[in-house]
Amino acid sequence: MSQTATALIAEQWAVGVFVLAVLTLCVFTAGVASLLGGRSWGRAKSLPFESGVVGAGSARQRFSVKFYLVAMLFVIFDIEAVFLFGWAVAVREVGWSGFWGAAVFILILLAGLIYDSRVGALDWAPRRRPPGPAT
Amino acid sequence: MSWLTPMVMEVLIAMSQALVILLGALLLGAVMTVVERRLLGLWQDRYGPNRVGPFGSLQLVADMIKILFKEDWIPPFADRALFVLAPVIGMASLLLAFMIIPLTPNWGVADWHIGLLFFFAMAGINVYAVLLGGWSSGNKYALLGAMRATAQTLSYEVFMGLSLMGVVALAGSFNMRDIVAAQQGLWFIVPQFFGFCTFLIAGVAVTHRHPFDQPEAEQELADGYHIEYAGMKFGMFFIGEYIGMVLVSALIVTLFFGGWLGPWLPPFVWFALKTAALLVLFVLLRASLPRPRYDRMMSFGWRVCLPLTLINLLVTGAAILLLAPAGT
């Protein structure tokens with residue numbers, strides 16, 4: 001059994017023990033309170049908290065996500081970032097030809113970002129109202 | 001003692017080292033809950049908790065006992081399974097990420113080639129804790145908090161990975177020990193200053209710490225996504241936040257401040273000192289900065305940080321190739 005093989009086996013055991021210990025700990029902490037904690041009942045206790053007033057309707061309702069466009073852009077940009085991860089780790093191996101490829105890619109990304117910004121795809125907050133008499 | 005071969009010994013030592021790291025991270029996270037309150041008190045000209053034990057040192061024990069004996073309440077209007085699962089995800093994902101951090105040259109759990117990518121994966125999973133916790137609570141404040149957490153994730157995850165790619169390019173590896181070893185001459189904070197700034201912003205956002213705590217803004221959302229949580233389940237979110245703080249501090253130390261490297265003192269002492277300094281920085285940020293509106297933050301992430309990280313990566317790549325000796 002060589003030195004590195006032993007070190008590898010030790011590392012795998014350590015990782016296994018660590019993962020198991022983390023899971024045990026989290027499940028234990030989440031579960032132990034149900035054994036230790038008290039119990040109490042009250043009429044208002046089973047209502048959702050809404051700052052002390054009686055709630056108006058449930059939280060299970062249609063809710064407008066105004067930044068959906070940014071979310072779509074996020075998927076695109078995040079996947080494109082993954083390609084750059086690959087380039088970053090191999091900068092020295094791929095040399096200048098790799099660099100120019102990455103440069104073109106990054107410039108296209110930046111151009112896309114500027115375009116998105118200029119057409120207002122990143123602006124989803126309501127416009128500030130012009131100053132005037134309150135309605 | 002025939003079974004106690006050198007190999008078994010090595011495995012046992014590695015396992016105990018792993019458990020020490022886990023307990024250390026957990027304990028440091030718990031201690032930070034009290035240290036933060038004391039420091040905030042110091043900076044706001046008040047005392048902070050100082051009654052339990054000498055100088056408030058036993059406050060942590062009192063808090064633990066109290067929170068463990070609170071009622072374990074699951075609201076009748078909540079989605080039970082997800083409601084219980086969310087805090088477990090929140091705490092476990094951040095604790096698991098400690099595996100890749102090397103404390104000293106030969107003390108760390110996992111010496112993986114993918115090192116840093118594992119942290120990105122765990123940070124990605126950690127988002128679900130807030131989303132599921134906020135949605136499953138069945139409360140409007142919690143829903144709003146989860147929605148803000150989504151907006152926040154969209155704004156920092158897009159540049160978090162890219163902000164570290166300059167470091168990866170300089171070290172030529174995702175492996176954390178290689179990254180530390182590559183900082184032997186010069187800490188990466190000098191050539192990668194913009195990478196450091198953007199990762200610090202992203203790191204604060206990962207932990208939902210002030211000034212990026214819009215999902216739980218107590219003045220607007222009355223605690224946001226964990227409003228319906230009580231007792232130890234709330235405690236897991238709470239401790240998880242501080243564990244995240246410790247994790248991000250340790251990561252920044254490893255990536256930008258040379259990890260265990262330093263003169264005179266033993267490696268572990270250097271690592272601990274640097275991490276402690278960054279933890280104090282986290283608290284100082286909370287003590288001094290106001291909270292921006294979350295669409296402003298999104299705009300900042302996309303219009304400032306993302307282009308900055310892209311250009312930083314490009315310049316870093318060019319600098320590496322220009323400075324590299326020819327023929328290598």
# chains A, B, ... in the order shown; residues from 1 in each chain; ligands from 1
>>> residues_around(residues="stretch 169-182 of chain B", least_positions_apart="3", cutoff="10 Å", atoms="only C-alpha atoms", output="PDB file with C-alpha atoms, in the first residue's frame")
ATOM      1  CA  PHE A  85     -14.582  28.773 -15.550  1.00  0.00           C
ATOM      2  CA  GLY A  86     -13.064  26.299 -17.964  1.00  0.00           C
ATOM      3  CA  TRP A  87     -10.898  28.952 -19.585  1.00  0.00           C
ATOM      4  CA  ALA A  88      -9.753  30.422 -16.254  1.00  0.00           C
ATOM      5  CA  VAL A  89      -8.343  27.139 -15.001  1.00  0.00           C
ATOM      6  CA  ALA A  90      -6.462  26.530 -18.276  1.00  0.00           C
ATOM      7  CA  VAL A  91      -5.207  30.014 -19.120  1.00  0.00           C
ATOM      8  CA  ARG A  92      -1.560  28.941 -19.335  1.00  0.00           C
ATOM      9  CA  GLU A  93      -2.219  25.760 -21.326  1.00  0.00           C
TER      10      GLU A  93
ATOM     11  CA  ILE B 100     -12.797  22.163   1.190  1.00  0.00           C
ATOM     12  CA  ILE B 101     -11.119  24.692   3.482  1.00  0.00           C
ATOM     13  CA  PRO B 102      -7.556  23.762   4.475  1.00  0.00           C
ATOM     14  CA  LEU B 103      -6.699  25.095   7.928  1.00  0.00           C
ATOM     15  CA  THR B 104      -3.009  24.213   7.820  1.00  0.00           C
ATOM     16  CA  PRO B 105      -0.829  22.496   5.170  1.00  0.00           C
ATOM     17  CA  ASN B 106      -1.938  19.057   6.353  1.00  0.00           C
ATOM     18  CA  GLY B 108      -8.297  19.906   6.083  1.00  0.00           C
ATOM     19  CA  ALA B 110     -11.065  17.095   1.527  1.00  0.00           C
ATOM     20  CA  ASP B 111      -8.175  17.891  -0.790  1.00  0.00           C
ATOM     21  CA  TRP B 112     -10.255  17.908  -3.969  1.00  0.00           C
ATOM     22  CA  HIS B 113      -9.339  19.151  -7.405  1.00  0.00           C
ATOM     23  CA  ILE B 114     -12.801  20.654  -7.778  1.00  0.00           C
ATOM     24  CA  GLY B 115     -12.367  22.494  -4.434  1.00  0.00           C
ATOM     25  CA  LEU B 116     -13.873  25.842  -5.187  1.00  0.00           C
ATOM     26  CA  LEU B 117     -16.650  24.465  -7.407  1.00  0.00           C
ATOM     27  CA  PHE B 118     -17.926  22.529  -4.395  1.00  0.00           C
ATOM     28  CA  LEU B 164     -13.074  34.212  -8.162  1.00  0.00           C
ATOM     29  CA  MET B 165     -11.940  33.176 -11.616  1.00  0.00           C
ATOM     30  CA  GLY B 166      -9.040  35.644 -11.502  1.00  0.00           C
ATOM     31  CA  GLY B 185       5.253  35.334  -2.671  1.00  0.00           C
ATOM     32  CA  LEU B 186       2.291  37.693  -2.892  1.00  0.00           C
ATOM     33  CA  TRP B 187      -1.196  37.482  -1.425  1.00  0.00           C
ATOM     34  CA  PHE B 188      -3.853  37.465  -4.123  1.00  0.00           C
ATOM     35  CA  PRO B 191      -3.250  41.403  -8.022  1.00  0.00           C
ATOM     36  CA  GLN B 192      -6.937  40.537  -7.561  1.00  0.00           C
ATOM     37  CA  LEU B 251     -12.829  31.303   2.226  1.00  0.00           C
ATOM     38  CA  VAL B 253      -8.703  34.237   3.933  1.00  0.00           C
ATOM     39  CA  THR B 254      -7.803  31.158   1.901  1.00  0.00           C
ATOM     40  CA  LEU B 255      -8.354  32.786  -1.483  1.00  0.00           C
ATOM     41  CA  PHE B 256      -7.058  36.319  -0.992  1.00  0.00           C
ATOM     42  CA  PHE B 257      -5.054  36.526   2.241  1.00  0.00           C
ATOM     43  CA  GLY B 258      -2.712  33.595   1.860  1.00  0.00           C
ATOM     44  CA  GLY B 259      -4.547  31.160   4.180  1.00  0.00           C
ATOM     45  CA  TRP B 260      -2.086  29.804   6.721  1.00  0.00           C
ATOM     46  CA  LEU B 261       0.926  31.652   5.256  1.00  0.00           C
ATOM     47  CA  LEU B 313     -10.888  38.181 -15.639  1.00  0.00           C
ATOM     48  CA  THR B 316      -5.876  38.867 -15.451  1.00  0.00           C
ATOM     49  CA  GLY B 317      -5.659  36.389 -18.306  1.00  0.00           C
ATOM     50  CA  ALA B 319      -1.362  39.701 -17.591  1.00  0.00           C
ATOM     51  CA  ILE B 320      -0.649  36.030 -16.896  1.00  0.00           C
TER      52      ILE B 320
END
>>> closest_atom_pairs(of="chain B", to="chain A", cutoff="7 Å", atoms="only C-alpha atoms", output="Markdown table")
| residue | atom | partner | partner_atom | distance |
| --- | --- | --- | --- | --- |
| B:Met7 | CA | A:Thr6 | CA | 6.2 |
| B:Glu10 | CA | A:Ala10 | CA | 6.2 |
| B:Val11 | CA | A:Ala10 | CA | 4.2 |
| B:Ala14 | CA | A:Ala14 | CA | 5.5 |
| B:Met15 | CA | A:Ala14 | CA | 4.3 |
| B:Ala18 | CA | A:Ala14 | CA | 5.8 |
| B:Leu19 | CA | A:Phe18 | CA | 6.4 |
| B:Leu68 | CA | A:Ala33 | CA | 5.7 |
| B:Phe69 | CA | A:Gly37 | CA | 4.4 |
| B:Lys70 | CA | A:Gly37 | CA | 4.7 |
| B:Glu71 | CA | A:Gly37 | CA | 4.2 |
| B:Asp72 | CA | A:Ser34 | CA | 5.0 |
| B:Pro75 | CA | A:Ser46 | CA | 6.3 |
| B:Pro76 | CA | A:Ser46 | CA | 6.3 |
| B:Val88 | CA | A:Cys26 | CA | 5.6 |
| B:Met91 | CA | A:Cys26 | CA | 6.9 |
| B:Ala92 | CA | A:Val22 | CA | 6.1 |
| B:Leu95 | CA | A:Val22 | CA | 6.8 |
| B:Leu96 | CA | A:Val19 | CA | 6.7 |
| B:Val109 | CA | A:Ala14 | CA | 6.2 |
| B:Ala110 | CA | A:Glu11 | CA | 6.1 |
| B:Gly138 | CA | A:Ala59 | CA | 5.2 |
| B:Asn139 | CA | A:Ala59 | CA | 5.2 |
| B:Lys140 | CA | A:Ala59 | CA | 4.9 |
| B:Leu154 | CA | A:Phe74 | CA | 6.2 |
| B:Val158 | CA | A:Asp78 | CA | 5.5 |
| B:Leu162 | CA | A:Ala81 | CA | 6.6 |
| B:Met165 | CA | A:Ala88 | CA | 5.8 |
| B:Val168 | CA | A:Val89 | CA | 5.8 |
| B:Ala169 | CA | A:Ala88 | CA | 4.6 |
| B:Gly172 | CA | A:Val89 | CA | 5.0 |
| B:Ser173 | CA | A:Val89 | CA | 5.6 |
| B:Met232 | CA | A:Ala33 | CA | 6.1 |
| B:Lys233 | CA | A:Ala30 | CA | 5.9 |
| B:Asp295 | CA | A:Ala125 | CA | 6.4 |
| B:Ser299 | CA | A:Leu122 | CA | 6.9 |
| B:Pro307 | CA | A:Leu110 | CA | 6.6 |
| B:Leu310 | CA | A:Ile106 | CA | 6.7 |
| B:Leu314 | CA | A:Ala103 | CA | 6.6 |
| B:Gly317 | CA | A:Val91 | CA | 6.4 |
| B:Leu321 | CA | A:Gly95 | CA | 6.7 |
>>> select_by_dssp(residues="chain A", states="helix (DSSP H, G or I)", output="PyMOL selection string")
chain A and resi 3-36+44-46+68-89+91-118
>>> closest_residue(among="B:Ser137, B:Thr275, B:Gln17, B:Ser155", to="B:Val246", atoms="only C-alpha atoms")
B:Thr275
>>> atom_distance(atom1="atom CA of B:Asn126", atom2="atom CA of B:Gly90")
5.3 Å
>>> atom_distance(atom1="atom CA of B:Ile189", atom2="atom CA of B:Arg293")
29.3 Å
>>> atom_distance(atom1="atom CA of B:Leu247", atom2="atom CA of B:Leu265")
22.6 Å
>>> closest_residue(among="A:Phe83, A:Gly101, A:Thr4, A:Leu69", to="A:Val119", atoms="only C-alpha atoms")
A:Leu69
>>> decode(residues="chain A", atoms="C-alpha atoms", output="CSV table (one decimal), in the first residue's frame")
chain,number,residue,atom,x,y,z
A,1,MET,CA,0.0,0.0,0.0
A,2,SER,CA,1.7,3.2,-1.1
A,3,GLN,CA,1.7,6.4,0.7
A,4,THR,CA,-0.7,8.3,-1.6
A,5,ALA,CA,-3.2,5.5,-1.7
A,6,THR,CA,-3.3,5.5,2.1
A,7,ALA,CA,-3.8,9.2,2.2
A,8,LEU,CA,-6.6,8.9,-0.3
A,9,ILE,CA,-8.4,6.3,1.7
A,10,ALA,CA,-8.0,8.4,4.9
A,11,GLU,CA,-9.4,11.4,3.0
A,12,GLN,CA,-12.4,9.5,1.8
A,13,TRP,CA,-13.2,8.2,5.3
A,14,ALA,CA,-12.8,11.7,6.7
A,15,VAL,CA,-15.3,13.0,4.0
A,16,GLY,CA,-17.7,10.2,4.8
A,17,VAL,CA,-17.6,10.9,8.5
A,18,PHE,CA,-18.0,14.6,8.0
A,19,VAL,CA,-21.0,14.3,5.7
A,20,LEU,CA,-22.6,11.8,8.1
A,21,ALA,CA,-21.9,13.9,11.1
A,22,VAL,CA,-23.4,17.0,9.5
A,23,LEU,CA,-26.6,15.2,8.5
A,24,THR,CA,-26.9,13.6,11.9
A,25,LEU,CA,-26.4,16.9,13.6
A,26,CYS,CA,-28.9,18.8,11.5
A,27,VAL,CA,-31.6,16.1,11.8
A,28,PHE,CA,-31.0,15.9,15.5
A,29,THR,CA,-31.3,19.6,16.1
A,30,ALA,CA,-34.5,19.8,14.0
A,31,GLY,CA,-36.0,16.9,15.9
A,32,VAL,CA,-34.8,17.3,19.5
A,33,ALA,CA,-37.0,20.3,20.1
A,34,SER,CA,-40.2,18.3,19.6
A,35,LEU,CA,-39.1,16.2,22.6
A,36,LEU,CA,-37.9,19.0,24.8
A,37,GLY,CA,-40.3,21.8,24.0
A,38,GLY,CA,-43.6,22.5,25.8
A,39,ARG,CA,-47.0,22.7,24.2
A,40,SER,CA,-49.6,25.4,24.3
A,41,TRP,CA,-52.8,26.3,22.5
A,42,GLY,CA,-54.6,29.5,21.7
A,43,ARG,CA,-57.2,30.8,19.3
A,44,ALA,CA,-55.0,33.3,17.5
A,45,LYS,CA,-52.0,31.0,17.4
A,46,SER,CA,-53.0,29.1,14.3
A,47,LEU,CA,-53.4,32.3,12.2
A,48,PRO,CA,-50.6,33.6,10.0
A,49,PHE,CA,-48.8,36.5,11.6
A,50,GLU,CA,-49.8,39.8,10.0
A,51,SER,CA,-48.5,42.3,12.4
A,52,GLY,CA,-51.4,41.7,14.8
A,53,VAL,CA,-54.3,42.3,12.5
A,54,VAL,CA,-56.6,39.5,11.3
A,55,GLY,CA,-55.2,38.3,8.0
A,56,ALA,CA,-56.8,39.1,4.7
A,57,GLY,CA,-56.7,36.0,2.6
A,58,SER,CA,-54.0,33.3,2.5
A,59,ALA,CA,-50.5,33.6,1.2
A,60,ARG,CA,-51.3,31.0,-1.5
A,61,GLN,CA,-52.3,33.4,-4.2
A,62,ARG,CA,-51.0,34.6,-7.5
A,63,PHE,CA,-48.1,36.9,-7.0
A,64,SER,CA,-46.5,39.0,-9.7
A,65,VAL,CA,-42.8,38.4,-10.1
A,66,LYS,CA,-41.8,41.6,-11.8
A,67,PHE,CA,-38.1,40.7,-12.3
A,68,TYR,CA,-38.9,37.6,-14.4
A,69,LEU,CA,-37.0,39.1,-17.3
A,70,VAL,CA,-33.8,39.4,-15.2
A,71,ALA,CA,-34.4,35.8,-14.1
A,72,MET,CA,-34.3,34.7,-17.7
A,73,LEU,CA,-31.2,36.7,-18.4
A,74,PHE,CA,-29.6,35.2,-15.3
A,75,VAL,CA,-30.0,31.7,-16.7
A,76,ILE,CA,-28.2,32.7,-19.9
A,77,PHE,CA,-25.4,34.7,-18.2
A,78,ASP,CA,-24.8,32.0,-15.5
A,79,ILE,CA,-24.4,29.3,-18.1
A,80,GLU,CA,-22.0,31.5,-20.1
A,81,ALA,CA,-20.0,32.1,-16.9
A,82,VAL,CA,-19.4,28.3,-16.7
A,83,PHE,CA,-17.5,28.4,-20.0
A,84,LEU,CA,-15.3,31.0,-18.6
A,85,PHE,CA,-14.6,28.8,-15.6
A,86,GLY,CA,-13.1,26.3,-18.0
A,87,TRP,CA,-10.9,29.0,-19.6
A,88,ALA,CA,-9.8,30.4,-16.3
A,89,VAL,CA,-8.3,27.1,-15.0
A,90,ALA,CA,-6.5,26.5,-18.3
A,91,VAL,CA,-5.2,30.0,-19.1
A,92,ARG,CA,-1.6,28.9,-19.3
A,93,GLU,CA,-2.2,25.8,-21.3
A,94,VAL,CA,-4.3,27.3,-24.1
A,95,GLY,CA,-2.1,30.4,-24.4
A,96,TRP,CA,-2.8,33.4,-26.7
A,97,SER,CA,-5.2,31.6,-29.1
A,98,GLY,CA,-7.3,30.7,-26.1
A,99,PHE,CA,-7.1,34.2,-24.8
A,100,TRP,CA,-8.4,35.7,-28.0
A,101,GLY,CA,-11.3,33.2,-28.0
A,102,ALA,CA,-12.2,34.1,-24.5
A,103,ALA,CA,-11.8,37.9,-25.2
A,104,VAL,CA,-14.3,37.7,-28.1
A,105,PHE,CA,-16.7,35.7,-25.9
A,106,ILE,CA,-16.4,38.2,-23.0
A,107,LEU,CA,-16.9,41.2,-25.4
A,108,ILE,CA,-20.0,39.6,-26.8
A,109,LEU,CA,-21.2,39.1,-23.2
A,110,LEU,CA,-20.5,42.7,-22.3
A,111,ALA,CA,-22.2,43.9,-25.5
A,112,GLY,CA,-25.2,41.8,-24.6
A,113,LEU,CA,-25.2,43.2,-21.1
A,114,ILE,CA,-25.0,46.8,-22.4
A,115,TYR,CA,-27.9,46.1,-24.8
A,116,ASP,CA,-30.0,44.6,-22.1
A,117,SER,CA,-29.3,47.6,-19.9
A,118,ARG,CA,-30.1,50.1,-22.7
A,119,VAL,CA,-33.4,48.5,-23.7
A,120,GLY,CA,-34.5,48.6,-20.1
A,121,ALA,CA,-34.6,44.8,-19.5
A,122,LEU,CA,-32.9,45.3,-16.1
A,123,ASP,CA,-35.3,48.1,-15.0
A,124,TRP,CA,-38.4,46.6,-13.4
A,125,ALA,CA,-38.9,48.9,-10.4
A,126,PRO,CA,-41.8,51.3,-10.9
A,127,ARG,CA,-40.8,54.7,-12.2
A,128,ARG,CA,-40.4,57.4,-9.6
A,129,ARG,CA,-43.5,59.6,-9.6
A,130,PRO,CA,-43.1,63.2,-10.7
A,131,PRO,CA,-43.4,65.7,-7.8
A,132,GLY,CA,-46.9,67.1,-7.6
A,133,PRO,CA,-50.0,67.2,-5.5
A,134,ALA,CA,-50.8,63.8,-3.8
A,135,THR,CA,-53.8,62.1,-5.2
